[in-house]
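> Enclosed is the structure file protein_32.cif (mmCIF, C-alpha atoms).
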data_entry
#
loop_
_atom_site.group_PDB
_atom_site.id
_atom_site.type_symbol
_atom_site.label_atom_id
_atom_site.label_comp_id
_atom_site.auth_asym_id
_atom_site.auth_seq_id
_atom_site.Cartn_x
_atom_site.Cartn_y
_atom_site.Cartn_z
ATOM 1 C CA MET H 1 0.000 0.000 0.000
ATOM 2 C CA THR H 2 1.299 3.434 -0.866
ATOM 3 C CA ALA H 3 2.262 5.500 2.158
ATOM 4 C CA ARG H 4 0.055 8.548 2.686
ATOM 5 C CA VAL H 5 1.932 11.658 3.788
ATOM 6 C CA GLY H 6 -0.116 14.673 4.862
ATOM 7 C CA VAL H 7 1.006 18.209 4.006
ATOM 8 C CA VAL H 8 -0.607 20.899 6.132
ATOM 9 C CA THR H 9 -1.700 24.206 4.651
ATOM 10 C CA PHE H 10 -2.019 27.124 7.080
ATOM 11 C CA PRO H 11 -3.103 30.584 5.940
ATOM 12 C CA GLY H 12 0.248 31.961 4.770
ATOM 13 C CA SER H 13 1.918 28.635 3.991
ATOM 14 C CA LEU H 14 4.120 28.974 0.903
ATOM 15 C CA ASP H 15 5.795 25.651 0.323
ATOM 16 C CA ASP H 16 2.930 23.209 0.735
ATOM 17 C CA LYS H 17 2.756 22.553 -3.013
ATOM 18 C CA ASP H 18 6.505 21.941 -3.279
ATOM 19 C CA ALA H 19 6.386 19.649 -0.245
ATOM 20 C CA ALA H 20 3.498 17.682 -1.753
ATOM 21 C CA ARG H 21 5.426 17.383 -5.013
ATOM 22 C CA ALA H 22 8.499 16.100 -3.164
ATOM 23 C CA VAL H 23 6.333 13.516 -1.383
ATOM 24 C CA SER H 24 4.978 12.445 -4.730
ATOM 25 C CA LEU H 25 8.416 12.244 -6.389
ATOM 26 C CA ALA H 26 9.574 10.038 -3.527
ATOM 27 C CA GLY H 27 6.797 7.599 -4.337
ATOM 28 C CA ALA H 28 4.271 8.366 -1.605
ATOM 29 C CA GLU H 29 0.770 9.767 -1.883
ATOM 30 C CA PRO H 30 0.527 13.396 -0.703
ATOM 31 C CA VAL H 31 -2.645 14.205 1.250
ATOM 32 C CA ALA H 32 -3.688 17.841 1.616
ATOM 33 C CA LEU H 33 -4.518 18.759 5.218
ATOM 34 C CA TRP H 34 -6.179 22.009 6.222
ATOM 35 C CA HIS H 35 -5.190 23.855 9.408
ATOM 36 C CA ALA H 36 -8.795 24.397 10.529
ATOM 37 C CA ASP H 37 -9.729 20.749 10.116
ATOM 38 C CA PRO H 38 -9.077 18.771 13.317
ATOM 39 C CA ASP H 39 -8.651 15.620 11.257
ATOM 40 C CA LEU H 40 -5.417 14.001 10.120
ATOM 41 C CA LYS H 41 -7.330 11.840 7.598
ATOM 42 C CA GLY H 42 -5.502 8.760 8.808
ATOM 43 C CA VAL H 43 -2.182 9.757 7.212
ATOM 44 C CA ASP H 44 1.007 7.842 8.023
ATOM 45 C CA ALA H 45 3.174 10.953 8.445
ATOM 46 C CA VAL H 46 2.878 14.749 8.241
ATOM 47 C CA VAL H 47 4.950 17.567 6.746
ATOM 48 C CA LEU H 48 4.565 21.088 8.169
ATOM 49 C CA PRO H 49 5.774 23.242 5.281
ATOM 50 C CA GLY H 50 7.541 26.584 5.091
ATOM 51 C CA GLY H 51 5.909 29.971 4.781
ATOM 52 C CA PHE H 52 4.506 32.597 7.088
ATOM 53 C CA SER H 53 1.610 30.910 8.888
ATOM 54 C CA TYR H 54 -0.993 33.375 10.143
ATOM 55 C CA GLY H 55 1.348 36.125 8.945
ATOM 56 C CA ASP H 56 3.857 35.019 11.598
ATOM 57 C CA TYR H 57 2.230 37.622 13.831
ATOM 58 C CA LEU H 58 3.432 37.670 17.438
ATOM 59 C CA ARG H 59 6.223 35.164 16.774
ATOM 60 C CA CYS H 60 6.846 32.743 13.896
ATOM 61 C CA GLY H 61 4.625 29.714 14.435
ATOM 62 C CA ALA H 62 3.141 31.056 17.686
ATOM 63 C CA ILE H 63 -0.432 31.163 16.418
ATOM 64 C CA ALA H 64 -0.219 28.173 14.066
ATOM 65 C CA ARG H 65 0.618 26.096 17.102
ATOM 66 C CA PHE H 66 -2.982 26.512 18.261
ATOM 67 C CA ALA H 67 -4.611 25.620 14.925
ATOM 68 C CA PRO H 68 -7.380 23.005 15.294
ATOM 69 C CA LEU H 69 -5.331 20.482 13.338
ATOM 70 C CA MET H 70 -2.486 20.801 15.827
ATOM 71 C CA SER H 71 -4.673 19.515 18.659
ATOM 72 C CA GLU H 72 -4.713 16.171 16.832
ATOM 73 C CA LEU H 73 -1.135 16.313 15.653
ATOM 74 C CA VAL H 74 0.713 17.277 18.842
ATOM 75 C CA PRO H 75 -0.267 14.314 21.069
ATOM 76 C CA ALA H 76 0.264 11.825 18.215
ATOM 77 C CA ALA H 77 3.700 13.285 17.496
ATOM 78 C CA ARG H 78 4.698 13.538 21.161
ATOM 79 C CA SER H 79 3.913 9.850 21.769
ATOM 80 C CA GLY H 80 6.351 8.851 19.035
ATOM 81 C CA ALA H 81 3.590 7.355 16.886
ATOM 82 C CA LEU H 82 3.251 9.972 14.142
ATOM 83 C CA PRO H 83 6.313 11.028 12.123
ATOM 84 C CA VAL H 84 6.341 14.801 11.555
ATOM 85 C CA LEU H 85 8.810 16.844 9.502
ATOM 86 C CA GLY H 86 8.751 20.617 10.048
ATOM 87 C CA ILE H 87 10.583 22.653 7.436
ATOM 88 C CA CYS H 88 11.464 26.322 8.111
ATOM 89 C CA ASN H 89 8.151 27.753 9.393
ATOM 90 C CA GLY H 90 7.217 24.153 10.209
ATOM 91 C CA PHE H 91 10.341 23.893 12.399
ATOM 92 C CA GLN H 92 9.287 27.113 14.146
ATOM 93 C CA ILE H 93 5.813 25.648 14.749
ATOM 94 C CA LEU H 94 7.329 22.457 16.209
ATOM 95 C CA CYS H 95 9.440 24.522 18.629
ATOM 96 C CA GLU H 96 6.488 26.696 19.609
ATOM 97 C CA SER H 97 4.496 23.481 20.213
ATOM 98 C CA HIS H 98 7.315 22.211 22.471
ATOM 99 C CA LEU H 99 7.607 19.090 20.340
ATOM 100 C CA LEU H 100 11.216 20.147 19.813
ATOM 101 C CA PRO H 101 13.435 22.065 22.254
ATOM 102 C CA GLY H 102 14.760 25.569 21.661
ATOM 103 C CA ALA H 103 13.449 28.353 19.448
ATOM 104 C CA LEU H 104 14.165 30.099 16.159
ATOM 105 C CA THR H 105 15.015 33.801 16.342
ATOM 106 C CA ARG H 106 15.988 36.615 14.005
ATOM 107 C CA ASN H 107 19.077 35.965 11.874
ATOM 108 C CA SER H 108 22.119 37.522 13.531
ATOM 109 C CA SER H 109 22.682 39.556 10.345
ATOM 110 C CA LEU H 110 19.095 40.913 10.591
ATOM 111 C CA ARG H 111 18.835 40.080 6.891
ATOM 112 C CA PHE H 112 16.719 37.510 5.114
ATOM 113 C CA VAL H 113 19.095 34.844 3.828
ATOM 114 C CA ASN H 114 18.328 33.208 0.495
ATOM 115 C CA ARG H 115 20.995 30.887 -0.883
ATOM 116 C CA ASP H 116 22.104 27.373 -1.685
ATOM 117 C CA GLN H 117 23.397 25.776 1.499
ATOM 118 C CA VAL H 118 25.509 22.731 2.286
ATOM 119 C CA LEU H 119 24.465 20.655 5.309
ATOM 120 C CA ARG H 120 26.231 17.823 7.061
ATOM 121 C CA MET H 121 23.867 15.016 8.065
ATOM 122 C CA GLU H 122 24.659 13.875 11.602
ATOM 123 C CA ASN H 123 21.729 11.785 12.818
ATOM 124 C CA THR H 124 20.658 9.333 10.125
ATOM 125 C CA ARG H 125 18.520 7.178 12.408
ATOM 126 C CA THR H 126 15.406 9.383 12.399
ATOM 127 C CA ALA H 127 12.193 8.656 10.521
ATOM 128 C CA TRP H 128 13.140 11.388 8.042
ATOM 129 C CA THR H 129 16.897 10.911 7.565
ATOM 130 C CA ASN H 130 17.515 7.140 7.516
ATOM 131 C CA GLY H 131 18.240 7.226 3.779
ATOM 132 C CA TYR H 132 21.346 9.383 4.265
ATOM 133 C CA ASP H 133 24.818 8.321 5.366
ATOM 134 C CA GLU H 134 26.181 9.764 8.586
ATOM 135 C CA GLY H 135 28.508 12.643 7.749
ATOM 136 C CA GLN H 136 27.107 12.958 4.221
ATOM 137 C CA GLU H 137 27.040 16.508 2.898
ATOM 138 C CA ILE H 138 23.991 17.608 0.941
ATOM 139 C CA LEU H 139 23.180 20.794 -0.969
ATOM 140 C CA VAL H 140 19.744 22.273 -0.351
ATOM 141 C CA VAL H 141 18.132 25.716 -0.188
ATOM 142 C CA LEU H 142 18.091 28.107 2.763
ATOM 143 C CA LYS H 143 15.588 30.974 2.727
ATOM 144 C CA SER H 144 14.636 32.457 6.072
ATOM 145 C CA GLY H 145 14.723 35.604 8.138
ATOM 146 C CA GLU H 146 14.242 33.977 11.523
ATOM 147 C CA GLY H 147 16.424 30.922 11.246
ATOM 148 C CA SER H 148 18.792 31.347 14.157
ATOM 149 C CA TYR H 149 18.424 28.270 16.360
ATOM 150 C CA VAL H 150 18.810 29.081 20.053
ATOM 151 C CA ALA H 151 18.530 27.051 23.246
ATOM 152 C CA ASP H 152 20.247 27.240 26.618
ATOM 153 C CA GLU H 153 23.669 25.621 26.966
ATOM 154 C CA GLU H 154 22.297 22.702 28.981
ATOM 155 C CA THR H 155 19.759 21.874 26.250
ATOM 156 C CA LEU H 156 22.421 22.178 23.525
ATOM 157 C CA ASP H 157 24.746 19.849 25.471
ATOM 158 C CA GLN H 158 21.912 17.379 25.912
ATOM 159 C CA LEU H 159 21.001 17.482 22.194
ATOM 160 C CA GLU H 160 24.607 16.775 21.257
ATOM 161 C CA SER H 161 25.170 14.038 23.831
ATOM 162 C CA GLU H 162 21.975 12.272 22.748
ATOM 163 C CA GLY H 163 22.839 12.624 19.054
ATOM 164 C CA ARG H 164 19.739 14.689 18.381
ATOM 165 C CA VAL H 165 21.403 17.242 16.112
ATOM 166 C CA VAL H 166 20.133 16.071 12.725
ATOM 167 C CA ALA H 167 22.073 18.449 10.469
ATOM 168 C CA ARG H 168 24.591 21.283 10.739
ATOM 169 C CA TYR H 169 25.512 24.120 8.420
ATOM 170 C CA VAL H 170 28.787 23.649 6.539
ATOM 171 C CA GLY H 171 30.895 26.437 5.045
ATOM 172 C CA GLY H 172 30.033 29.189 7.497
ATOM 173 C CA ASN H 173 27.118 29.831 9.786
ATOM 174 C CA PRO H 174 24.435 31.656 7.758
ATOM 175 C CA ASN H 175 22.198 32.925 10.564
ATOM 176 C CA GLY H 176 23.874 32.746 13.962
ATOM 177 C CA SER H 177 22.393 29.370 14.938
ATOM 178 C CA ARG H 178 23.997 28.001 18.089
ATOM 179 C CA ARG H 179 26.638 25.384 17.284
ATOM 180 C CA ASP H 180 25.776 25.638 13.543
ATOM 181 C CA ILE H 181 22.589 23.640 14.122
ATOM 182 C CA ALA H 182 20.300 23.410 11.080
ATOM 183 C CA GLY H 183 17.969 20.701 12.357
ATOM 184 C CA VAL H 184 17.127 18.674 15.455
ATOM 185 C CA THR H 185 14.959 15.709 16.408
ATOM 186 C CA ASN H 186 13.010 14.589 19.484
ATOM 187 C CA ALA H 187 13.972 11.659 21.697
ATOM 188 C CA HIS H 188 11.839 9.210 19.680
ATOM 189 C CA GLY H 189 13.344 10.326 16.358
ATOM 190 C CA ASN H 190 9.899 10.687 14.779
ATOM 191 C CA VAL H 191 9.769 14.501 14.891
ATOM 192 C CA VAL H 192 12.387 16.406 12.876
ATOM 193 C CA GLY H 193 12.705 20.166 12.421
ATOM 194 C CA LEU H 194 14.921 21.597 9.705
ATOM 195 C CA MET H 195 15.444 25.268 8.857
ATOM 196 C CA PRO H 196 16.642 24.794 5.221
ATOM 197 C CA HIS H 197 14.366 23.415 2.502
ATOM 198 C CA PRO H 198 14.977 19.881 1.210
ATOM 199 C CA GLU H 199 11.717 20.052 -0.780
ATOM 200 C CA HIS H 200 13.294 22.692 -3.043
ATOM 201 C CA ALA H 201 16.159 20.344 -3.899
ATOM 202 C CA VAL H 202 14.383 17.382 -5.459
ATOM 203 C CA GLU H 203 14.555 18.099 -9.195
ATOM 204 C CA ALA H 204 17.418 19.190 -11.427
ATOM 205 C CA LEU H 205 15.242 21.724 -13.251
ATOM 206 C CA THR H 206 14.435 23.861 -10.227
ATOM 207 C CA GLY H 207 16.840 22.929 -7.433
ATOM 208 C CA PRO H 208 20.580 23.227 -6.797
ATOM 209 C CA SER H 209 20.666 19.418 -6.436
ATOM 210 C CA THR H 210 18.316 16.512 -5.885
ATOM 211 C CA GLU H 211 19.852 15.698 -2.525
ATOM 212 C CA GLY H 212 16.843 16.915 -0.548
ATOM 213 C CA LEU H 213 14.744 14.030 -1.824
ATOM 214 C CA GLY H 214 16.314 11.767 0.806
ATOM 215 C CA PHE H 215 14.071 13.227 3.527
ATOM 216 C CA PHE H 216 11.022 12.075 1.604
ATOM 217 C CA THR H 217 12.373 8.658 0.601
ATOM 218 C CA SER H 218 13.536 8.161 4.202
ATOM 219 C CA ILE H 219 10.002 8.366 5.523
ATOM 220 C CA LEU H 220 8.967 5.632 3.082
ATOM 221 C CA GLY H 221 11.811 3.483 4.368
ATOM 222 C CA HIS H 222 10.773 4.224 7.935
ATOM 223 C CA LEU H 223 7.133 3.342 7.325
ATOM 224 C CA ALA H 224 8.157 0.104 5.639
ATOM 225 C CA ALA H 225 10.475 -0.856 8.530
ATOM 226 C CA PRO H 226 9.634 1.395 11.485
ATOM 227 C CA ALA H 227 11.834 -0.535 13.933
ATOM 228 C CA GLN H 228 14.795 1.406 12.597
ATOM 229 C CA ALA H 229 13.863 4.623 14.426
ATOM 230 C CA MET U 1 -12.849 48.215 31.545
ATOM 231 C CA ALA U 2 -9.312 48.214 32.889
ATOM 232 C CA ARG U 3 -5.908 47.713 31.395
ATOM 233 C CA VAL U 4 -3.206 45.201 32.189
ATOM 234 C CA VAL U 5 0.271 45.587 30.743
ATOM 235 C CA VAL U 6 2.449 42.645 29.777
ATOM 236 C CA ASP U 7 6.123 43.352 29.098
ATOM 237 C CA VAL U 8 8.002 40.633 27.219
ATOM 238 C CA MET U 9 11.801 40.645 26.997
ATOM 239 C CA LEU U 10 14.286 38.189 25.553
ATOM 240 C CA LYS U 11 16.095 36.378 28.339
ATOM 241 C CA PRO U 12 19.467 37.966 29.118
ATOM 242 C CA GLU U 13 21.410 35.048 27.651
ATOM 243 C CA ILE U 14 19.591 35.234 24.286
ATOM 244 C CA LEU U 15 21.345 37.327 21.656
ATOM 245 C CA ASP U 16 19.307 40.363 20.588
ATOM 246 C CA PRO U 17 20.603 41.447 17.169
ATOM 247 C CA GLN U 18 17.869 44.082 16.843
ATOM 248 C CA GLY U 19 18.911 45.700 20.125
ATOM 249 C CA GLN U 20 22.534 45.580 18.971
ATOM 250 C CA ALA U 21 21.644 47.313 15.705
ATOM 251 C CA ILE U 22 19.847 50.058 17.624
ATOM 252 C CA ALA U 23 22.785 50.448 20.013
ATOM 253 C CA GLY U 24 25.083 50.677 16.987
ATOM 254 C CA ALA U 25 23.034 53.554 15.562
ATOM 255 C CA CYS U 26 23.163 55.605 18.778
ATOM 256 C CA PRO U 27 26.672 57.088 18.480
ATOM 257 C CA ARG U 28 26.057 57.880 14.794
ATOM 258 C CA LEU U 29 23.069 59.966 15.922
ATOM 259 C CA GLY U 30 25.062 61.717 18.603
ATOM 260 C CA PHE U 31 23.700 59.771 21.582
ATOM 261 C CA GLU U 32 26.883 59.103 23.522
ATOM 262 C CA GLY U 33 27.355 56.883 26.537
ATOM 263 C CA ILE U 34 24.740 54.281 25.613
ATOM 264 C CA GLU U 35 26.290 50.936 26.394
ATOM 265 C CA GLN U 36 23.558 48.473 25.468
ATOM 266 C CA VAL U 37 20.001 48.336 24.112
ATOM 267 C CA ARG U 38 17.657 45.358 24.492
ATOM 268 C CA GLN U 39 14.437 45.374 22.477
ATOM 269 C CA GLY U 40 11.223 43.861 23.838
ATOM 270 C CA LYS U 41 7.459 43.924 23.369
ATOM 271 C CA ARG U 42 4.669 45.536 25.375
ATOM 272 C CA PHE U 43 1.081 44.230 25.255
ATOM 273 C CA GLU U 44 -1.839 46.252 26.581
ATOM 274 C CA VAL U 45 -4.673 43.913 27.497
ATOM 275 C CA GLU U 46 -8.127 45.391 28.183
ATOM 276 C CA VAL U 47 -10.140 43.332 30.672
ATOM 277 C CA GLU U 48 -13.752 43.568 31.841
ATOM 278 C CA GLY U 49 -14.410 45.216 35.209
ATOM 279 C CA GLU U 50 -11.765 45.821 37.836
ATOM 280 C CA VAL U 51 -8.277 44.393 37.814
ATOM 281 C CA ASP U 52 -8.091 41.995 40.729
ATOM 282 C CA GLU U 53 -5.806 39.089 41.543
ATOM 283 C CA ALA U 54 -7.973 36.672 39.550
ATOM 284 C CA LYS U 55 -7.792 38.882 36.420
ATOM 285 C CA LEU U 56 -4.051 39.260 36.805
ATOM 286 C CA ALA U 57 -3.746 35.494 37.121
ATOM 287 C CA ASP U 58 -5.750 35.090 33.890
ATOM 288 C CA VAL U 59 -3.478 37.501 32.039
ATOM 289 C CA ARG U 60 -0.423 35.792 33.478
ATOM 290 C CA ARG U 61 -1.710 32.507 32.042
ATOM 291 C CA LEU U 62 -2.331 34.233 28.700
ATOM 292 C CA ALA U 63 1.211 35.564 28.771
ATOM 293 C CA GLU U 64 2.852 32.216 29.387
ATOM 294 C CA THR U 65 0.566 30.407 26.897
ATOM 295 C CA LEU U 66 0.650 32.817 23.969
ATOM 296 C CA LEU U 67 2.209 36.264 24.450
ATOM 297 C CA ALA U 68 5.649 35.032 25.484
ATOM 298 C CA ASN U 69 7.700 32.027 24.422
ATOM 299 C CA THR U 70 9.140 31.149 27.813
ATOM 300 C CA VAL U 71 11.906 29.141 26.169
ATOM 301 C CA ILE U 72 13.567 32.407 25.155
ATOM 302 C CA GLU U 73 11.536 35.203 26.789
ATOM 303 C CA ASP U 74 10.662 36.471 30.265
ATOM 304 C CA PHE U 75 7.498 38.451 30.974
ATOM 305 C CA GLU U 76 6.049 40.758 33.615
ATOM 306 C CA VAL U 77 2.351 41.408 34.217
ATOM 307 C CA ARG U 78 1.095 44.552 35.991
ATOM 308 C CA PRO U 79 -2.005 46.754 36.139
ATOM 309 C CA ALA U 80 -1.642 49.837 33.932
#
What do you get writing this file as C-alpha cells?


Amino acid sequence: MTARVGVVTFPGSLDDKDAARAVSLAGAEPVALWHADPDLKGVDAVVLPGGFSYGDYLRCGAIARFAPLMSELVPAARSGALPVLGICNGFQILCESHLLPGALTRNSSLRFVNRDQVLRMENTRTAWTNGYDEGQEILVVLKSGEGSYVADEETLDQLESEGRVVARYVGGNPNGSRRDIAGVTNAHGNVVGLMPHPEHAVEALTGPSTEGLGFFTSILGHLAAPAQA
Amino acid sequence: MARVVVDVMLKPEILDPQGQAIAGACPRLGFEGIEQVRQGKRFEVEVEGEVDEAKLADVRRLAETLLANTVIEDFEVRPA
C-alpha cells in the first residue's frame, strides 16, 4: 500500500505545493490537510511546510501552534507514533508546540538569507533521515529571516550528547544558529525540524541538487520498517 | 474596563541582534554613553471590570501560553 503523507496548509503557507510534489516524487501519496480541520485523515506521516503561517504575527509559528489540526497532531507526534517533519516555518511551529526544544530567532545579520546551502547530516537514524549516510554533505536551499536556532547551553549539550542534532551548516554559519545547528529531532526520532528546505532540492530543473529528496524517501523506508527509528 | 500591561523581553542570555543594531546607531546619531540596548514587546490587554488578583492570574496565564515564548523570553504582568 502506498504511504500517505499529509502536508498541512495554514493561511500563509508557501511551500505546501513543493512539499506535496516532493512527497509524490519520492513515491508516496501526498494528502492535503487544512489547518482548521481537526482531522489528520488517517495519514502515516505529516509535513509542516515553510511559509509565514498566520502572517507570523506575534512570533513565527506562535499562532499556528494553536490551529485546530495541531490539537490532533501534537499528542500523536509527542507519543512517538506519528512522524512529523517541520521545514522552516514548520520547524518554528514544532518549537512553539514544544515538540522540539529551543526556538528560532531573528538571523544575527538581521537580513533575510536566500541561498544554496551545504548541510552535514549527523543523525541518520530518524524517521526522516535514515536514507542518508552519517557525515554525508547535501546541498539544499536556505531561505529564512528567523532561522537562528537558540537554546540554553544545557539543552544544547543534551542534544549533542543524545545525538539529536540532525544536520549542521557547513561552510560558514548563515544565521547565527547556536553550534551551527540546522535541524534537530526529538527523543523518539519521529519529529524532525529543519530550517533549510529539502523540498526545493528534489529536481534538477528547479533545485541546486536533488539531494533533498532523501528526507522524503527516508520516511517511506521508515514506514516500511519502522523498527529502525 | 481596565488595562493590564504585559512586558516581554528576551532572556538575558539570548542574543538580541535588533537591540545591537539600535545600540550601533546611537553614536552615529550623537547619543553618547549608551552601552547596550535590548528590544522587547509591550502588550496592553483590556479586561472587563476591575483588575483583581484573579484577572491578573488570567493575564499571566495568557502571557505564558501565547504572548511570550518562555523558552527564550521572560514576561512581567502589571495593572496599567

> Calculated over only C-alpha atoms, which of the candidates H:Val47, H:Met195, H:Ala201, H:Leu14 has the smallest distance to H:Pro30?

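Closest residue, counting only C-alpha atoms: H:Val47.
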
> Show me, as a list in words, the residues that have an atom within 12 Å of U:Thr65 when counting only C-alpha atoms, minus same-chain residues fewer than 4 positions from it.

Ala62, Ile63, Arg65, Phe66, Glu96, Ser97 and His98 of chain H; Asp58, Val59, Arg60, Arg61, Asn69, Thr70, Val71, Glu73 and Phe75 of chain U

> Please evaluate the PyMOL selection byres ((chain U) within 8 of (chain H)) against the structure above and give the resulting residues as a ChimeraX atom specification.

/U:13-14,17-18,66-67,69,71-72

> Using all atoms of stretch 49-57 of chain U listed in the file and a margin of 8 Å per side, can you give the axis-aligned box centre and edge lengths in Å to one decimal, as JSON?


{"center_x": -9.1, "center_y": 40.7, "center_z": 38.4, "size_x": 26.7, "size_y": 26.3, "size_z": 22.3}

> Care to translate the PyMOL selection byres ((chain H and resi 85) around 8) into actual residues of this file, as a PyMOL selection string?

chain H and resi 46-48+83-84+86-87+90-91+128+191-194

> What is the distance between atom CA of H:Cys88 and atom CA of U:Val6, in Å to one decimal?

28.6 Å

> For a quick check of your reading of the model, name the residues lying within 10 Å of the coordinate (13.7, 12.2, 25.8), counting all atoms listed in the file, and write them as a PDB file with C-alpha atoms, in the frame of the given file.


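And here is the file that came out, part_38.pdb:
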ATOM      1  CA  GLN H 158      21.912  17.379  25.912  1.00  0.00           C
ATOM      2  CA  LEU H 159      21.001  17.482  22.194  1.00  0.00           C
ATOM      3  CA  GLU H 162      21.975  12.272  22.748  1.00  0.00           C
ATOM      4  CA  ARG H 164      19.739  14.689  18.381  1.00  0.00           C
ATOM      5  CA  ASN H 186      13.010  14.589  19.484  1.00  0.00           C
ATOM      6  CA  ALA H 187      13.972  11.659  21.697  1.00  0.00           C
ATOM      7  CA  HIS H 188      11.839   9.210  19.680  1.00  0.00           C
ATOM      8  CA  GLY H 189      13.344  10.326  16.358  1.00  0.00           C
TER       9      GLY H 189
END

> U:Glu44: which residues within 12 Å, counting all atoms listed in the file, same-chain residues fewer than 4 positions away excluded, as a list in words?

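Returned residues: Ala2, Arg3, Val4, Val5, Val6, Asp7, Val8, Val59, Ala63, Leu67, Glu76, Val77, Arg78, Pro79 and Ala80 of chain U.
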
> Can you give me, as an mmCIF file with C-alpha atoms, in the coordinates of the input, the residues this file yields under the PyMOL selection byres ((chain U and resi 48) around 7)?


data_model
loop_
_atom_site.group_PDB
_atom_site.id
_atom_site.type_symbol
_atom_site.label_atom_id
_atom_site.label_comp_id
_atom_site.auth_asym_id
_atom_site.auth_seq_id
_atom_site.Cartn_x
_atom_site.Cartn_y
_atom_site.Cartn_z
ATOM 1 C CA MET U 1 -12.849 48.215 31.545
ATOM 2 C CA ALA U 2 -9.312 48.214 32.889
ATOM 3 C CA GLU U 46 -8.127 45.391 28.183
ATOM 4 C CA VAL U 47 -10.140 43.332 30.672
ATOM 5 C CA GLY U 49 -14.410 45.216 35.209
ATOM 6 C CA GLU U 50 -11.765 45.821 37.836
#

> Can you find the residues with an atom no farther than 7 Å from (23.5, 23.7, 12.2), counting all atoms listed in the file, and report them as number ranges by chain?

H: 167-169, 177, 179-183

> Which is closest to H:Asn114 among H:Asn175, H:Gln136, H:Ser209, H:Asn130, if we use only C-alpha atoms?

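So, comparing all the options, the nearest one is H:Asn175.
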
> Write out as a ChimeraX atom specification which residues come within 7 Å of H:Gly80 when counting all atoms listed in the file, dropping same-chain ones fewer than 3 positions away.

/H:76-77,188,190
